[in-house]
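The structure appears right after this line, and notes come after that.
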Amino acid sequence: MNGAVIAIAVYSAINLISLCAYAWDKHKAVEGKWRTRESTLLFWGFLGAIGAVLGMKCFHHKTQKPIFKLNYLFLFLHLVGIVVLTYWYFFL
């Protein structure tokens with residue numbers, strides 16, 4: 001298997017975990033049960049920014065807390081990294 005395919009699979013899995021972390025925390029919030037730490041959600045947002053932003057948007061979760069605006073910065077950095085790596089992989 002190609003290294004790029006493995007990297008895409010791992011990155012996709014990390015983003016899926018991030019999305020699930022936000023979904024799980026929202027589920028716990030609705031039920032009034034024990035919640036996930038904000039630092040844990042931000043950690044997953046740092047690793048899987050696409051999943052975190054999708055989780056925030058789809059589940060309307062943590063959208064009012066200013067610290068979670070960092071996920072948009074993480075998303076921007078991830079997208080810049082993806083563009084740079086794609087350019088590097090295909091054109092250099």
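How things are named: the first chain in the structure tokens is A, the next is B, and so on; residues count from 1 in each chain; ligands count from 1 in the order shown.
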Fill in: Ile14 (chain A) environment, 9 Å, only C-alpha atoms, sequence neighbours closer than 4 positions dropped, as a ChimeraX atom specification
/A:9-10,18-19,44,47-48,51
Practice prompt. Quick one: pick out all helix (DSSP H, G or I) residues within chain A from a backbone DSSP run and write them as JSON, numbers by chain.
Written response: {"A": [3, 4, 5, 6, 7, 8, 9, 10, 11, 12, 13, 14, 15, 16, 17, 18, 19, 20, 21, 22, 23, 24, 25, 26, 27, 28, 29, 30, 31, 38, 39, 40, 41, 42, 43, 44, 45, 46, 47, 49, 50, 51, 52, 53, 54, 55, 56, 57, 58, 59, 66, 67, 68, 69, 70, 71, 72, 73, 74, 75, 76, 77, 78, 79, 80, 81, 82, 83, 84, 85, 86, 87, 88, 89, 90, 91]}
Discussion item. Need to verify the contact set: Leu41 (chain A), 7 Å, only C-alpha atoms, exclusion of same-chain residues closer than 4 positions in sequence. Can you return it as a ChimeraX atom specification?
Written reply: /A:21-22,37,45
Counting only C-alpha atoms, give me one row per residue of region 11-68 of chain A with an atom at most 12 Å from an atom of region 80-92 of chain A, showing the shortest contact pair and its distance in Å to one decimal, sorted by chain then residue number, as a Markdown table.
```
| residue | atom | partner | partner_atom | distance |
| --- | --- | --- | --- | --- |
| A:Tyr11 | CA | A:Ile82 | CA | 10.6 |
| A:Ala49 | CA | A:Gly81 | CA | 11.9 |
| A:Ile50 | CA | A:Ile82 | CA | 11.7 |
```
Worksheet, complete the sentence: Correct to one decimal, the distance CA of Gly55 (chain A)-CA of Ala23 (chain A) is 6.3 Å
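Nearest residue to Leu75 (chain A), choosing from A:Trp34, A:Phe59, A:Trp24, A:Phe46 and counting only C-alpha atoms: A:Phe46.
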Worksheet item: Between CA of Thr40 (chain A) and CA of Lys65 (chain A), what is the spacing in Å?
Response: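 Distance between the two atoms: 14.8 Å.
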Worksheet item: Just how far from CA of Lys28 (chain A) is CA of Phe76 (chain A), in Å to one decimal?
Response: 28.4 Å
Worksheet item: Between A:Cys20, A:Ser39, A:Lys26, A:His78, which one has atoms that come closest to Lys62 (chain A), using only C-alpha atoms?
Response: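 Ranked by minimum distance to Lys62 (chain A), first place goes to A:Lys26.
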